[in-house]
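K.L.:
What follows is entry.pdb, PDB, C-alpha atoms.
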ATOM      1  CA  MET J   1       0.000   0.000   0.000  1.00  0.00           C
ATOM      2  CA  PRO J   2       1.249   3.575  -0.547  1.00  0.00           C
ATOM      3  CA  SER J   3       1.140   4.141   3.224  1.00  0.00           C
ATOM      4  CA  GLY J   4       3.639   1.346   3.769  1.00  0.00           C
ATOM      5  CA  VAL J   5       1.037  -0.918   5.359  1.00  0.00           C
ATOM      6  CA  ARG J   6       1.173  -4.416   3.940  1.00  0.00           C
ATOM      7  CA  TYR J   7      -1.400  -7.173   3.670  1.00  0.00           C
ATOM      8  CA  TRP J   8      -1.597 -10.541   1.959  1.00  0.00           C
ATOM      9  CA  THR J   9      -4.064 -11.461  -0.756  1.00  0.00           C
ATOM     10  CA  VAL J  10      -5.027 -14.360  -3.034  1.00  0.00           C
ATOM     11  CA  MET J  11      -3.994 -14.643  -6.683  1.00  0.00           C
ATOM     12  CA  ASP J  12      -5.399 -16.989  -9.317  1.00  0.00           C
ATOM     13  CA  ASP J  13      -3.385 -19.221 -11.660  1.00  0.00           C
ATOM     14  CA  ALA J  14      -3.003 -16.296 -14.088  1.00  0.00           C
ATOM     15  CA  VAL J  15      -1.491 -14.220 -11.235  1.00  0.00           C
ATOM     16  CA  ARG J  16      -4.519 -11.927 -11.001  1.00  0.00           C
ATOM     17  CA  VAL J  17      -5.946 -10.745  -7.679  1.00  0.00           C
ATOM     18  CA  VAL J  18      -9.104 -12.667  -6.764  1.00  0.00           C
ATOM     19  CA  GLU J  19     -11.541  -9.870  -5.934  1.00  0.00           C
ATOM     20  CA  ALA J  20     -13.808 -11.255  -3.182  1.00  0.00           C
ATOM     21  CA  PRO J  21     -11.002 -12.622  -0.977  1.00  0.00           C
ATOM     22  CA  ASP J  22      -8.990  -9.456  -1.623  1.00  0.00           C
ATOM     23  CA  ARG J  23     -11.836  -7.255  -0.350  1.00  0.00           C
ATOM     24  CA  PHE J  24     -12.113  -9.428   2.755  1.00  0.00           C
ATOM     25  CA  LEU J  25      -8.360  -9.425   3.414  1.00  0.00           C
ATOM     26  CA  ARG J  26      -8.038  -5.656   2.862  1.00  0.00           C
ATOM     27  CA  GLU J  27     -10.889  -4.990   5.260  1.00  0.00           C
ATOM     28  CA  THR J  28      -9.440  -7.408   7.795  1.00  0.00           C
ATOM     29  CA  ARG J  29      -6.037  -5.710   7.692  1.00  0.00           C
ATOM     30  CA  LEU J  30      -6.880  -2.062   7.074  1.00  0.00           C
ATOM     31  CA  ALA J  31     -10.363  -1.444   8.478  1.00  0.00           C
ATOM     32  CA  ARG J  32     -10.257  -3.901  11.351  1.00  0.00           C
ATOM     33  CA  GLY J  33      -6.594  -3.432  12.186  1.00  0.00           C
ATOM     34  CA  ARG J  34      -5.620  -7.102  12.221  1.00  0.00           C
ATOM     35  CA  ALA J  35      -1.949  -8.003  12.034  1.00  0.00           C
ATOM     36  CA  GLU J  36      -0.200  -8.622   8.731  1.00  0.00           C
ATOM     37  CA  THR J  37       0.400 -12.202   9.856  1.00  0.00           C
ATOM     38  CA  THR J  38      -3.364 -12.643  10.281  1.00  0.00           C
ATOM     39  CA  THR J  39      -3.994 -11.688   6.659  1.00  0.00           C
ATOM     40  CA  LYS J  40      -1.152 -14.010   5.658  1.00  0.00           C
ATOM     41  CA  ALA J  41      -2.724 -16.939   7.491  1.00  0.00           C
ATOM     42  CA  TYR J  42      -6.184 -16.103   6.140  1.00  0.00           C
ATOM     43  CA  ALA J  43      -4.864 -15.736   2.577  1.00  0.00           C
ATOM     44  CA  GLU J  44      -3.163 -19.140   2.798  1.00  0.00           C
ATOM     45  CA  GLY J  45      -6.362 -20.756   4.078  1.00  0.00           C
ATOM     46  CA  LEU J  46      -8.523 -19.077   1.457  1.00  0.00           C
ATOM     47  CA  SER J  47      -6.176 -20.117  -1.323  1.00  0.00           C
ATOM     48  CA  LEU J  48      -6.629 -23.749  -0.242  1.00  0.00           C
ATOM     49  CA  PHE J  49     -10.414 -23.337  -0.148  1.00  0.00           C
ATOM     50  CA  LEU J  50     -10.526 -21.685  -3.577  1.00  0.00           C
ATOM     51  CA  ARG J  51      -8.174 -24.311  -5.032  1.00  0.00           C
ATOM     52  CA  TRP J  52     -10.463 -27.066  -3.710  1.00  0.00           C
ATOM     53  CA  CYS J  53     -13.511 -25.287  -5.174  1.00  0.00           C
ATOM     54  CA  ASP J  54     -11.788 -24.943  -8.538  1.00  0.00           C
ATOM     55  CA  ARG J  55     -10.502 -28.515  -8.694  1.00  0.00           C
ATOM     56  CA  THR J  56     -13.834 -30.002  -7.671  1.00  0.00           C
ATOM     57  CA  GLY J  57     -16.002 -27.768  -9.861  1.00  0.00           C
ATOM     58  CA  ARG J  58     -17.678 -25.938  -6.977  1.00  0.00           C
ATOM     59  CA  ASP J  59     -18.623 -22.278  -6.772  1.00  0.00           C
ATOM     60  CA  TRP J  60     -17.079 -20.852  -3.589  1.00  0.00           C
ATOM     61  CA  ARG J  61     -20.344 -19.034  -2.834  1.00  0.00           C
ATOM     62  CA  THR J  62     -22.224 -22.301  -2.341  1.00  0.00           C
ATOM     63  CA  ALA J  63     -19.441 -24.793  -1.568  1.00  0.00           C
ATOM     64  CA  ALA J  64     -20.075 -24.497   2.171  1.00  0.00           C
ATOM     65  CA  ARG J  65     -22.695 -27.247   1.855  1.00  0.00           C
ATOM     66  CA  ASP J  66     -19.770 -29.632   1.227  1.00  0.00           C
ATOM     67  CA  MET J  67     -17.501 -28.399   4.028  1.00  0.00           C
ATOM     68  CA  GLY J  68     -17.007 -31.958   5.290  1.00  0.00           C
ATOM     69  CA  LEU J  69     -15.541 -32.952   1.932  1.00  0.00           C
ATOM     70  CA  PHE J  70     -13.252 -29.913   2.061  1.00  0.00           C
ATOM     71  CA  MET J  71     -12.019 -31.052   5.471  1.00  0.00           C
ATOM     72  CA  ILE J  72     -11.190 -34.507   4.084  1.00  0.00           C
ATOM     73  CA  TRP J  73      -9.417 -32.886   1.132  1.00  0.00           C
ATOM     74  CA  LEU J  74      -7.380 -30.735   3.528  1.00  0.00           C
ATOM     75  CA  ARG J  75      -6.347 -33.738   5.581  1.00  0.00           C
ATOM     76  CA  TRP J  76      -5.203 -35.923   2.691  1.00  0.00           C
ATOM     77  CA  THR J  77      -4.306 -33.777  -0.345  1.00  0.00           C
ATOM     78  CA  PRO J  78      -0.708 -32.583  -0.646  1.00  0.00           C
ATOM     79  CA  GLY J  79      -0.035 -28.914  -1.319  1.00  0.00           C
ATOM     80  CA  ASN J  80       1.380 -27.573  -4.572  1.00  0.00           C
ATOM     81  CA  GLY J  81       4.678 -29.279  -3.815  1.00  0.00           C
ATOM     82  CA  GLY J  82       2.986 -32.686  -3.829  1.00  0.00           C
ATOM     83  CA  GLN J  83       3.512 -34.773  -6.930  1.00  0.00           C
ATOM     84  CA  ARG J  84       0.174 -36.591  -6.719  1.00  0.00           C
ATOM     85  CA  ARG J  85      -3.057 -35.080  -8.020  1.00  0.00           C
ATOM     86  CA  THR J  86      -5.175 -38.038  -6.921  1.00  0.00           C
ATOM     87  CA  VAL J  87      -5.457 -38.775  -3.213  1.00  0.00           C
ATOM     88  CA  VAL J  88      -5.013 -42.443  -2.382  1.00  0.00           C
ATOM     89  CA  PRO J  89      -4.231 -42.764   1.325  1.00  0.00           C
ATOM     90  CA  GLY J  90      -3.546 -46.309   2.356  1.00  0.00           C
ATOM     91  CA  PRO J  91      -3.492 -48.091   5.687  1.00  0.00           C
ATOM     92  CA  GLY J  92      -1.211 -46.301   8.117  1.00  0.00           C
ATOM     93  CA  ALA J  93      -0.910 -43.204   5.901  1.00  0.00           C
ATOM     94  CA  ARG J  94      -0.118 -39.990   7.706  1.00  0.00           C
ATOM     95  CA  PRO J  95      -2.403 -36.996   7.132  1.00  0.00           C
ATOM     96  CA  VAL J  96      -0.897 -34.119   5.154  1.00  0.00           C
ATOM     97  CA  ARG J  97      -2.325 -31.533   7.577  1.00  0.00           C
ATOM     98  CA  GLY J  98      -3.105 -31.970  11.248  1.00  0.00           C
ATOM     99  CA  ASP J  99      -6.123 -30.820  13.228  1.00  0.00           C
ATOM    100  CA  GLY J 100      -4.532 -27.508  14.242  1.00  0.00           C
ATOM    101  CA  ARG J 101      -3.743 -26.497  10.668  1.00  0.00           C
ATOM    102  CA  ILE J 102      -7.154 -27.601   9.420  1.00  0.00           C
ATOM    103  CA  ASN J 103      -8.870 -25.570  12.152  1.00  0.00           C
ATOM    104  CA  LYS J 104      -6.896 -22.470  11.155  1.00  0.00           C
ATOM    105  CA  VAL J 105      -7.897 -22.909   7.517  1.00  0.00           C
ATOM    106  CA  LEU J 106     -11.548 -23.391   8.495  1.00  0.00           C
ATOM    107  CA  THR J 107     -11.428 -20.245  10.638  1.00  0.00           C
ATOM    108  CA  ALA J 108     -10.236 -18.229   7.641  1.00  0.00           C
ATOM    109  CA  VAL J 109     -12.905 -19.758   5.387  1.00  0.00           C
ATOM    110  CA  ARG J 110     -15.661 -19.102   7.926  1.00  0.00           C
ATOM    111  CA  MET J 111     -14.632 -15.481   8.389  1.00  0.00           C
ATOM    112  CA  PHE J 112     -14.467 -15.010   4.612  1.00  0.00           C
ATOM    113  CA  LEU J 113     -17.901 -16.571   4.082  1.00  0.00           C
ATOM    114  CA  VAL J 114     -19.441 -14.433   6.833  1.00  0.00           C
ATOM    115  CA  HIS J 115     -17.968 -11.367   5.132  1.00  0.00           C
ATOM    116  CA  ALA J 116     -19.369 -12.547   1.792  1.00  0.00           C
ATOM    117  CA  VAL J 117     -22.863 -13.074   3.245  1.00  0.00           C
ATOM    118  CA  VAL J 118     -22.864  -9.689   4.978  1.00  0.00           C
ATOM    119  CA  ASN J 119     -21.808  -8.037   1.715  1.00  0.00           C
ATOM    120  CA  LYS J 120     -24.406  -9.958  -0.331  1.00  0.00           C
ATOM    121  CA  GLU J 121     -21.771 -11.906  -2.283  1.00  0.00           C
ATOM    122  CA  ALA J 122     -23.018 -15.265  -0.972  1.00  0.00           C
ATOM    123  CA  PRO J 123     -26.473 -16.500   0.060  1.00  0.00           C
ATOM    124  CA  ALA J 124     -27.469 -16.214   3.734  1.00  0.00           C
ATOM    125  CA  TRP J 125     -28.001 -19.986   4.086  1.00  0.00           C
ATOM    126  CA  VAL J 126     -24.219 -20.420   3.854  1.00  0.00           C
ATOM    127  CA  LEU J 127     -23.966 -19.408   7.523  1.00  0.00           C
ATOM    128  CA  GLU J 128     -26.069 -22.417   8.496  1.00  0.00           C
ATOM    129  CA  GLN J 129     -23.460 -24.625   6.840  1.00  0.00           C
ATOM    130  CA  VAL J 130     -20.406 -23.215   8.620  1.00  0.00           C
ATOM    131  CA  TYR J 131     -21.915 -22.503  12.053  1.00  0.00           C
ATOM    132  CA  GLU J 132     -24.361 -24.396  14.179  1.00  0.00           C
ATOM    133  CA  LEU J 133     -27.161 -21.884  14.473  1.00  0.00           C
ATOM    134  CA  GLY J 134     -29.657 -22.516  17.195  1.00  0.00           C
ATOM    135  CA  ASP J 135     -31.941 -21.009  19.727  1.00  0.00           C
ATOM    136  CA  ASP J 136     -33.209 -21.965  23.142  1.00  0.00           C
ATOM    137  CA  ARG J 137     -36.488 -23.614  22.078  1.00  0.00           C
ATOM    138  CA  ASP J 138     -35.021 -27.074  22.692  1.00  0.00           C
ATOM    139  CA  LEU J 139     -33.949 -26.195  26.234  1.00  0.00           C
ATOM    140  CA  PRO J 140     -36.127 -26.772  29.286  1.00  0.00           C
ATOM    141  CA  VAL J 141     -37.951 -23.623  30.430  1.00  0.00           C
ATOM    142  CA  GLU J 142     -35.716 -23.408  33.515  1.00  0.00           C
ATOM    143  CA  ALA J 143     -32.574 -23.224  31.344  1.00  0.00           C
ATOM    144  CA  ARG J 144     -33.819 -20.621  28.906  1.00  0.00           C
ATOM    145  CA  GLY J 145     -33.464 -17.557  31.075  1.00  0.00           C
ATOM    146  CA  ARG J 146     -35.641 -14.511  30.712  1.00  0.00           C
ATOM    147  CA  HIS J 147     -35.676 -12.399  27.625  1.00  0.00           C
ATOM    148  CA  PRO J 148     -35.980  -8.656  28.411  1.00  0.00           C
ATOM    149  CA  LEU J 149     -39.241  -8.487  26.441  1.00  0.00           C
ATOM    150  CA  ASP J 150     -40.849 -11.485  28.169  1.00  0.00           C
ATOM    151  CA  ARG J 151     -43.787 -10.708  30.438  1.00  0.00           C
ATOM    152  CA  PRO J 152     -43.530 -12.099  33.948  1.00  0.00           C
ATOM    153  CA  THR J 153     -45.908 -14.947  34.696  1.00  0.00           C
ATOM    154  CA  ASN J 154     -47.875 -14.997  37.967  1.00  0.00           C
TER
END
The structure given in the file should be rewritten as structure tokens.
P.N.:
Amino acid sequence: MPSGVRYWTVMDDAVRVVEAPDRFLRETRLARGRAETTTKAYAEGLSLFLRWCDRTGRDWRTAARDMGLFMIWLRWTPGNGGQRRTVVPGPGARPVRGDGRINKVLTAVRMFLVHAVVNKEAPAWVLEQVYELGDDRDLPVEARGRHPLDRPTN
């Protein structure tokens, strides 16, 4: 940036900035004041998500419905340095990425998808796929607590 502030972004195979992730990463770094290393980690995670979407023929705006498949892909598919394009883990195979790394990638993807929904770049139902949305209707009355607008019962 002209100010000297730096942030990370996502580029496609033709070395062009991918607009939606770039908007998210710029806002994360510049408007929300997150560290440069945060945008680096998010950019790395988003590049994996977008690569998975591209290689599996999914649109990133609706791919959240298959987040479980993305998690399997993360665990077993080598990065760009891997020679294999087809994943064939056998008995005793070691995962390519561990739980900690996968959770960091999923955090970046969730934050990006929330940003996309808020900015009308992805449908609202995507949030139901990446977060467990619920309310207190399934809880016993005693566990619900009082809502400020509830009328007291006598």
K.L.:
Nearest to Ala108 (chain J) among J:Ile72, J:Ala63, J:Ala14, J:Leu25, with distances taken over only C-alpha atoms: which residue is it?
P.N.:
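Looking only at the distances to Ala108 (chain J), the closest residue turns out to be J:Leu25.
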K.L.:
Residues at most 10 Å from region 3-13 of chain J, counting only C-alpha atoms, excluding those fewer than 3 positions away in the same chain, as a ChimeraX atom specification?
P.N.:
/J:16-30,34-48,50-51
K.L.:
Name the closest residue to Val109 (chain J) among the candidates J:Arg55, J:Val96, J:Ala143, J:Leu127; distances are taken between atoms, counting all atoms listed in the file.
P.N.:
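Checking each candidate against Val109 (chain J), we get J:Leu127 as the closest.
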K.L.:
As an exercise, work out the distance from CA of Met67 (chain J) to CA of Gln129 (chain J) in Å and give it to one decimal place.
P.N.:
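That distance, rounded to one decimal, is 7.6 Å.
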K.L.:
I would like the residues chosen by the PyMOL selection byres ((chain J and resi 122) around 12) on the shown file; could you give them as a PDB file with C-alpha atoms, in the coordinates of the input?
P.N.:
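For reference, part24.pdb as written:
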ATOM      1  CA  ALA J  20     -13.808 -11.255  -3.182  1.00  0.00           C
ATOM      2  CA  ASP J  59     -18.623 -22.278  -6.772  1.00  0.00           C
ATOM      3  CA  TRP J  60     -17.079 -20.852  -3.589  1.00  0.00           C
ATOM      4  CA  ARG J  61     -20.344 -19.034  -2.834  1.00  0.00           C
ATOM      5  CA  THR J  62     -22.224 -22.301  -2.341  1.00  0.00           C
ATOM      6  CA  ALA J  63     -19.441 -24.793  -1.568  1.00  0.00           C
ATOM      7  CA  ALA J  64     -20.075 -24.497   2.171  1.00  0.00           C
ATOM      8  CA  PHE J 112     -14.467 -15.010   4.612  1.00  0.00           C
ATOM      9  CA  LEU J 113     -17.901 -16.571   4.082  1.00  0.00           C
ATOM     10  CA  VAL J 114     -19.441 -14.433   6.833  1.00  0.00           C
ATOM     11  CA  HIS J 115     -17.968 -11.367   5.132  1.00  0.00           C
ATOM     12  CA  ALA J 116     -19.369 -12.547   1.792  1.00  0.00           C
ATOM     13  CA  VAL J 117     -22.863 -13.074   3.245  1.00  0.00           C
ATOM     14  CA  VAL J 118     -22.864  -9.689   4.978  1.00  0.00           C
ATOM     15  CA  ASN J 119     -21.808  -8.037   1.715  1.00  0.00           C
ATOM     16  CA  LYS J 120     -24.406  -9.958  -0.331  1.00  0.00           C
ATOM     17  CA  GLU J 121     -21.771 -11.906  -2.283  1.00  0.00           C
ATOM     18  CA  PRO J 123     -26.473 -16.500   0.060  1.00  0.00           C
ATOM     19  CA  ALA J 124     -27.469 -16.214   3.734  1.00  0.00           C
ATOM     20  CA  TRP J 125     -28.001 -19.986   4.086  1.00  0.00           C
ATOM     21  CA  VAL J 126     -24.219 -20.420   3.854  1.00  0.00           C
ATOM     22  CA  LEU J 127     -23.966 -19.408   7.523  1.00  0.00           C
TER      23      LEU J 127
END
K.L.:
Give me, please, the distance in Å between CA of Arg97 (chain J) and CA of Pro78 (chain J), quoted to one decimal.
P.N.:
8.4 Å
K.L.:
If I take CA of Ala93 (chain J) and CA of Trp52 (chain J), how far is one from the other in Å, to one decimal?
P.N.:
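A separation of 21.1 Å between them.
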K.L.:
Of the candidates J:Ala31, J:Val130, J:Leu139, J:Leu69, which one gets nearest to Leu106 (chain J) if we count all atoms listed in the file?
P.N.:
J:Val130
K.L.:
Closest to Gly98 (chain J) among J:Thr56, J:Trp76, J:Met111, J:Arg65, using all atoms listed in the file?
P.N.:
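So, comparing all the options, the nearest one is J:Trp76.
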K.L.:
Please return the centre and edge lengths, in Å to one decimal, of a box with edges along x, y and z that contains all listed atoms of region 8-27 of chain J, widened by 4 Å on every side, as AutoDock Vina command-line options.
P.N.:
--center_x -7.6 --center_y -12.1 --center_z -4.4 --size_x 20.3 --size_y 22.2 --size_z 27.3
K.L.:
Would you pull region 119-134 of chain J out of the block just shown and save N, CA, C and O atoms as an mmCIF file, in the first residue's frame?
P.N.:
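Written file, selection-v6.cif:
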data_model
loop_
_atom_site.group_PDB
_atom_site.id
_atom_site.type_symbol
_atom_site.label_atom_id
_atom_site.label_comp_id
_atom_site.auth_asym_id
_atom_site.auth_seq_id
_atom_site.Cartn_x
_atom_site.Cartn_y
_atom_site.Cartn_z
ATOM 1 N N ASN J 119 -21.932 -8.924 2.872
ATOM 2 C CA ASN J 119 -21.808 -8.037 1.715
ATOM 3 C C ASN J 119 -22.594 -8.522 0.491
ATOM 4 O O ASN J 119 -22.356 -8.059 -0.627
ATOM 5 N N LYS J 120 -23.498 -9.473 0.727
ATOM 6 C CA LYS J 120 -24.406 -9.958 -0.331
ATOM 7 C C LYS J 120 -23.676 -10.594 -1.507
ATOM 8 O O LYS J 120 -24.151 -10.571 -2.634
ATOM 9 N N GLU J 121 -22.511 -11.191 -1.239
ATOM 10 C CA GLU J 121 -21.771 -11.906 -2.283
ATOM 11 C C GLU J 121 -22.035 -13.412 -2.220
ATOM 12 O O GLU J 121 -21.621 -14.141 -3.111
ATOM 13 N N ALA J 122 -22.677 -13.853 -1.149
ATOM 14 C CA ALA J 122 -23.018 -15.265 -0.972
ATOM 15 C C ALA J 122 -24.390 -15.318 -0.305
ATOM 16 O O ALA J 122 -24.769 -14.393 0.419
ATOM 17 N N PRO J 123 -25.138 -16.399 -0.535
ATOM 18 C CA PRO J 123 -26.473 -16.500 0.060
ATOM 19 C C PRO J 123 -26.408 -16.669 1.582
ATOM 20 O O PRO J 123 -25.458 -17.245 2.120
ATOM 21 N N ALA J 124 -27.434 -16.176 2.267
ATOM 22 C CA ALA J 124 -27.469 -16.214 3.734
ATOM 23 C C ALA J 124 -27.430 -17.636 4.290
ATOM 24 O O ALA J 124 -26.879 -17.859 5.369
ATOM 25 N N TRP J 125 -27.968 -18.613 3.564
ATOM 26 C CA TRP J 125 -28.001 -19.986 4.086
ATOM 27 C C TRP J 125 -26.606 -20.560 4.287
ATOM 28 O O TRP J 125 -26.442 -21.557 4.994
ATOM 29 N N VAL J 126 -25.599 -19.942 3.696
ATOM 30 C CA VAL J 126 -24.219 -20.420 3.854
ATOM 31 C C VAL J 126 -23.830 -20.431 5.334
ATOM 32 O O VAL J 126 -23.111 -21.321 5.789
ATOM 33 N N LEU J 127 -24.317 -19.457 6.103
ATOM 34 C CA LEU J 127 -23.966 -19.408 7.523
ATOM 35 C C LEU J 127 -24.435 -20.650 8.272
ATOM 36 O O LEU J 127 -23.774 -21.103 9.206
ATOM 37 N N GLU J 128 -25.572 -21.198 7.863
ATOM 38 C CA GLU J 128 -26.069 -22.417 8.496
ATOM 39 C C GLU J 128 -25.140 -23.600 8.247
ATOM 40 O O GLU J 128 -25.153 -24.570 8.993
ATOM 41 N N GLN J 129 -24.361 -23.532 7.191
ATOM 42 C CA GLN J 129 -23.460 -24.625 6.840
ATOM 43 C C GLN J 129 -22.136 -24.555 7.598
ATOM 44 O O GLN J 129 -21.492 -25.573 7.795
ATOM 45 N N VAL J 130 -21.726 -23.359 7.982
ATOM 46 C CA VAL J 130 -20.406 -23.215 8.620
ATOM 47 C C VAL J 130 -20.491 -22.976 10.118
ATOM 48 O O VAL J 130 -19.480 -23.034 10.814
ATOM 49 N N TYR J 131 -21.693 -22.682 10.617
ATOM 50 C CA TYR J 131 -21.915 -22.503 12.053
ATOM 51 C C TYR J 131 -23.154 -23.272 12.450
ATOM 52 O O TYR J 131 -24.098 -23.385 11.671
ATOM 53 N N GLU J 132 -23.154 -23.761 13.666
ATOM 54 C CA GLU J 132 -24.361 -24.396 14.179
ATOM 55 C C GLU J 132 -25.226 -23.293 14.761
ATOM 56 O O GLU J 132 -24.922 -22.736 15.816
ATOM 57 N N LEU J 133 -26.266 -22.937 14.032
ATOM 58 C CA LEU J 133 -27.161 -21.884 14.473
ATOM 59 C C LEU J 133 -28.294 -22.514 15.264
ATOM 60 O O LEU J 133 -28.860 -23.521 14.862
ATOM 61 N N GLY J 134 -28.600 -21.945 16.381
ATOM 62 C CA GLY J 134 -29.657 -22.516 17.195
ATOM 63 C C GLY J 134 -30.295 -21.457 18.070
ATOM 64 O O GLY J 134 -29.892 -20.300 18.083
#
